[in-house]
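This report concerns only the one structure given below.
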Amino acid sequence: MEWISRFWKFDLPSQEIISSIVLKGCHIVPVGSSRNHADDKDWRLSFCIAEKTLIETFNHTQILVYGSLKLVLKEIIEKQNIAQLLCSYFLKTVIFWVVEETSSSYWIPQNIILCFHLCLRRLIQFVNDEDCPNYFVRSNNMFRERFNKSQKKFCYRFYAIFLPMGGNGCCKLKLWKDFRTL
């Protein structure tokens with residue numbers, strides 16, 4: 001699997017974590033919308049244990065950014081009727097990629113809004129390119145044929161709330177208003 005031998009620019013995750021994840025393996029789970037899983041014929045790899053292991057290595061800022069992304073999903077995305085297009089799993093994938101591609105020294109409390117902003121930018125890139133590679137199986141594009149033109153425009157309008165204003169767009173969220181008063 002490519003993930004095991006990937007070039008780690010910032011040596012994250014550590015070799016110890018990679019080895020632990022490899023030893024734990026992954027699951028093969030049915031895919032389908034039916035309630036009767038006996039009829040399911042499609043299967044996929046599930047990396048839920050690996051994901052949990054990686055999240056357990058997150059520092060405080062990374063956890064806050066991940067939680068904030070999930071709150072954006074709840075506060076904004078679900079209210080804008082694009083929840084069927086973007087889900088929590090995609091946000092988790094985004095933060096895995098961004099954490100891997102940035103130095104751990106960047107993930108400090110003073111940079112929390114910038115880190116959040118960086119994750120949103122990556123999500124926009126994935127939508128724009130229609131390519132959101134699964135974190136563990138890069139060749140699995142989770143956005144292949146996911147968006148039509150009008151859905152992409154709708155997603156861009158959502159992003160426009162945040163990006164033109166830099167970090168200040170993030171401050172419009174109730175979450176960040178509360179955070180700034182701490």
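If you're wondering about the labels, chains in the structure tokens are A, B, ... by order shown, residues count from 1 in each chain, ligands from 1 in order shown.
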
Legend entry - Neighbour list for Phe96 in chain A as a list in words, cut-off 9 Å, only C-alpha atoms, skip fewer than 2 positions in-chain: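 These residues fall inside the cut-off: Glu51, Leu54, Ile55, Leu91, Lys92, Thr93, Val94, Val98, Val99, Glu100, Glu101 and Tyr135 of chain A.
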
Any chance you could export the current selection's C-alpha atoms as a PDB file, in the first residue's frame?
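What landed in selection32.pdb:
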ATOM      1  CA  GLU A  51      -7.798   7.095  11.443  1.00  0.00           C
ATOM      2  CA  LEU A  54      -3.715   9.207  13.700  1.00  0.00           C
ATOM      3  CA  ILE A  55      -6.211  11.468  15.455  1.00  0.00           C
ATOM      4  CA  LEU A  91     -13.107  16.984   6.353  1.00  0.00           C
ATOM      5  CA  LYS A  92     -11.120  14.340   8.228  1.00  0.00           C
ATOM      6  CA  THR A  93      -9.332  13.478   4.990  1.00  0.00           C
ATOM      7  CA  VAL A  94      -8.523  17.145   4.430  1.00  0.00           C
ATOM      8  CA  VAL A  98      -2.787  19.196   5.611  1.00  0.00           C
ATOM      9  CA  VAL A  99      -1.163  17.874   8.802  1.00  0.00           C
ATOM     10  CA  GLU A 100       1.070  15.597   6.744  1.00  0.00           C
ATOM     11  CA  GLU A 101       2.125  18.421   4.424  1.00  0.00           C
ATOM     12  CA  TYR A 135      -5.585   9.501   2.703  1.00  0.00           C
TER      13      TYR A 135
END

Inset, instruction - Identify, on the basis of only C-alpha atoms, every residue whose closest approach to Cys48 in chain A does not exceed 9 Å; exclude the query and any residue fewer than 3 positions from it along the same chain; express the result as a ChimeraX atom specification. - result: /A:26-27,51-53

Legend entry - Shortest interatomic distance to Arg44 in chain A - which of A:Pro30, A:Gly25, A:Gly67, A:Pro133, counting only C-alpha atoms: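 Ranking A:Pro30, A:Gly25, A:Gly67, A:Pro133 by distance to Arg44 in chain A, first place goes to A:Pro30.
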
Can you write out as a Markdown table which residues of range 138-157 of chain A fall within 9 Å of range 104-128 of chain A, alongside each residue's closest atom pair and its distance in Å to one decimal, counting only C-alpha atoms and ordering rows by chain and ascending residue number?
| residue | atom | partner | partner_atom | distance |
| --- | --- | --- | --- | --- |
| A:Phe143 | CA | A:Val127 | CA | 7.3 |
| A:Phe147 | CA | A:Val127 | CA | 8.0 |
| A:Lys152 | CA | A:Val127 | CA | 7.0 |
| A:Cys155 | CA | A:Val127 | CA | 8.0 |
| A:Tyr156 | CA | A:Ile124 | CA | 7.5 |

Restricting it to all heavy atoms, dump the selection as a PDB file, in the first residue's frame.
ATOM      1  N   PHE A 143     -13.914  12.199  -4.843  1.00  0.00           N
ATOM      2  CA  PHE A 143     -14.735  13.223  -5.483  1.00  0.00           C
ATOM      3  C   PHE A 143     -14.999  12.934  -6.966  1.00  0.00           C
ATOM      4  O   PHE A 143     -15.561  13.760  -7.661  1.00  0.00           O
ATOM      5  CB  PHE A 143     -14.094  14.607  -5.359  1.00  0.00           C
ATOM      6  CG  PHE A 143     -14.277  15.252  -4.006  1.00  0.00           C
ATOM      7  CD1 PHE A 143     -14.941  14.624  -2.974  1.00  0.00           C
ATOM      8  CD2 PHE A 143     -13.791  16.521  -3.787  1.00  0.00           C
ATOM      9  CE1 PHE A 143     -15.101  15.234  -1.732  1.00  0.00           C
ATOM     10  CE2 PHE A 143     -13.945  17.154  -2.558  1.00  0.00           C
ATOM     11  CZ  PHE A 143     -14.606  16.503  -1.531  1.00  0.00           C
ATOM     12  N   PHE A 147     -19.607  16.075  -8.141  1.00  0.00           N
ATOM     13  CA  PHE A 147     -20.207  17.401  -8.279  1.00  0.00           C
ATOM     14  C   PHE A 147     -20.572  17.702  -9.718  1.00  0.00           C
ATOM     15  O   PHE A 147     -19.764  17.480 -10.608  1.00  0.00           O
ATOM     16  CB  PHE A 147     -19.233  18.496  -7.806  1.00  0.00           C
ATOM     17  CG  PHE A 147     -18.708  18.300  -6.420  1.00  0.00           C
ATOM     18  CD1 PHE A 147     -17.467  17.722  -6.194  1.00  0.00           C
ATOM     19  CD2 PHE A 147     -19.450  18.700  -5.320  1.00  0.00           C
ATOM     20  CE1 PHE A 147     -16.980  17.549  -4.922  1.00  0.00           C
ATOM     21  CE2 PHE A 147     -18.968  18.530  -4.038  1.00  0.00           C
ATOM     22  CZ  PHE A 147     -17.732  17.951  -3.834  1.00  0.00           C
ATOM     23  N   LYS A 152     -20.877  22.608  -7.688  1.00  0.00           N
ATOM     24  CA  LYS A 152     -19.572  23.214  -7.440  1.00  0.00           C
ATOM     25  C   LYS A 152     -19.725  24.702  -7.137  1.00  0.00           C
ATOM     26  O   LYS A 152     -19.106  25.223  -6.217  1.00  0.00           O
ATOM     27  CB  LYS A 152     -18.638  23.020  -8.637  1.00  0.00           C
ATOM     28  CG  LYS A 152     -17.957  21.677  -8.666  1.00  0.00           C
ATOM     29  CD  LYS A 152     -17.143  21.499  -9.923  1.00  0.00           C
ATOM     30  CE  LYS A 152     -15.727  21.924  -9.748  1.00  0.00           C
ATOM     31  NZ  LYS A 152     -14.864  21.543 -10.877  1.00  0.00           N
ATOM     32  N   CYS A 155     -20.898  25.165  -3.646  1.00  0.00           N
ATOM     33  CA  CYS A 155     -19.788  24.982  -2.701  1.00  0.00           C
ATOM     34  C   CYS A 155     -18.891  26.213  -2.674  1.00  0.00           C
ATOM     35  O   CYS A 155     -18.458  26.647  -1.608  1.00  0.00           O
ATOM     36  CB  CYS A 155     -18.975  23.746  -3.069  1.00  0.00           C
ATOM     37  SG  CYS A 155     -19.816  22.184  -2.781  1.00  0.00           S
ATOM     38  N   TYR A 156     -18.626  26.795  -3.837  1.00  0.00           N
ATOM     39  CA  TYR A 156     -17.779  27.985  -3.890  1.00  0.00           C
ATOM     40  C   TYR A 156     -18.412  29.145  -3.129  1.00  0.00           C
ATOM     41  O   TYR A 156     -17.718  29.919  -2.478  1.00  0.00           O
ATOM     42  CB  TYR A 156     -17.505  28.409  -5.330  1.00  0.00           C
ATOM     43  CG  TYR A 156     -16.665  27.431  -6.119  1.00  0.00           C
ATOM     44  CD1 TYR A 156     -16.883  27.246  -7.471  1.00  0.00           C
ATOM     45  CD2 TYR A 156     -15.654  26.691  -5.517  1.00  0.00           C
ATOM     46  CE1 TYR A 156     -16.123  26.351  -8.209  1.00  0.00           C
ATOM     47  CE2 TYR A 156     -14.898  25.793  -6.243  1.00  0.00           C
ATOM     48  CZ  TYR A 156     -15.130  25.634  -7.585  1.00  0.00           C
ATOM     49  OH  TYR A 156     -14.385  24.752  -8.305  1.00  0.00           O
TER      50      TYR A 156
END

Inset, instruction - Check the DSSP output for the backbone and give back, as a list in words, the residues of range 113-162 of chain A in alpha helix (DSSP H). - result: Ile113, Leu114, Cys115, Phe116, His117, Leu118, Cys119, Leu120, Arg121, Arg122, Leu123, Ile124, Gln125, Phe126, Val127, Asn128, Asp129, Lys149, Ser150, Gln151, Lys152, Lys153, Phe154, Cys155, Tyr156, Arg157, Phe158, Tyr159 and Ala160 of chain A

Inset, instruction - Have a look at A:Gln151, A:Ser5, A:Ser46, A:Ser103 and name the one nearest to Lys24 in chain A; count only C-alpha atoms. - result: A:Ser46

Inset, instruction - Name all residues at most 10 Å from Met1 in chain A (count only C-alpha atoms; drop same-chain ones fewer than 3 positions away) and give them as an NGL selection string. - result: :A and (4-6 or 22 or 136-138)

Inset, instruction - Figure out the distance between CA of Phe154 in chain A and CA of Glu130 in chain A, please, to one decimal in Å. - result: 14.2 Å
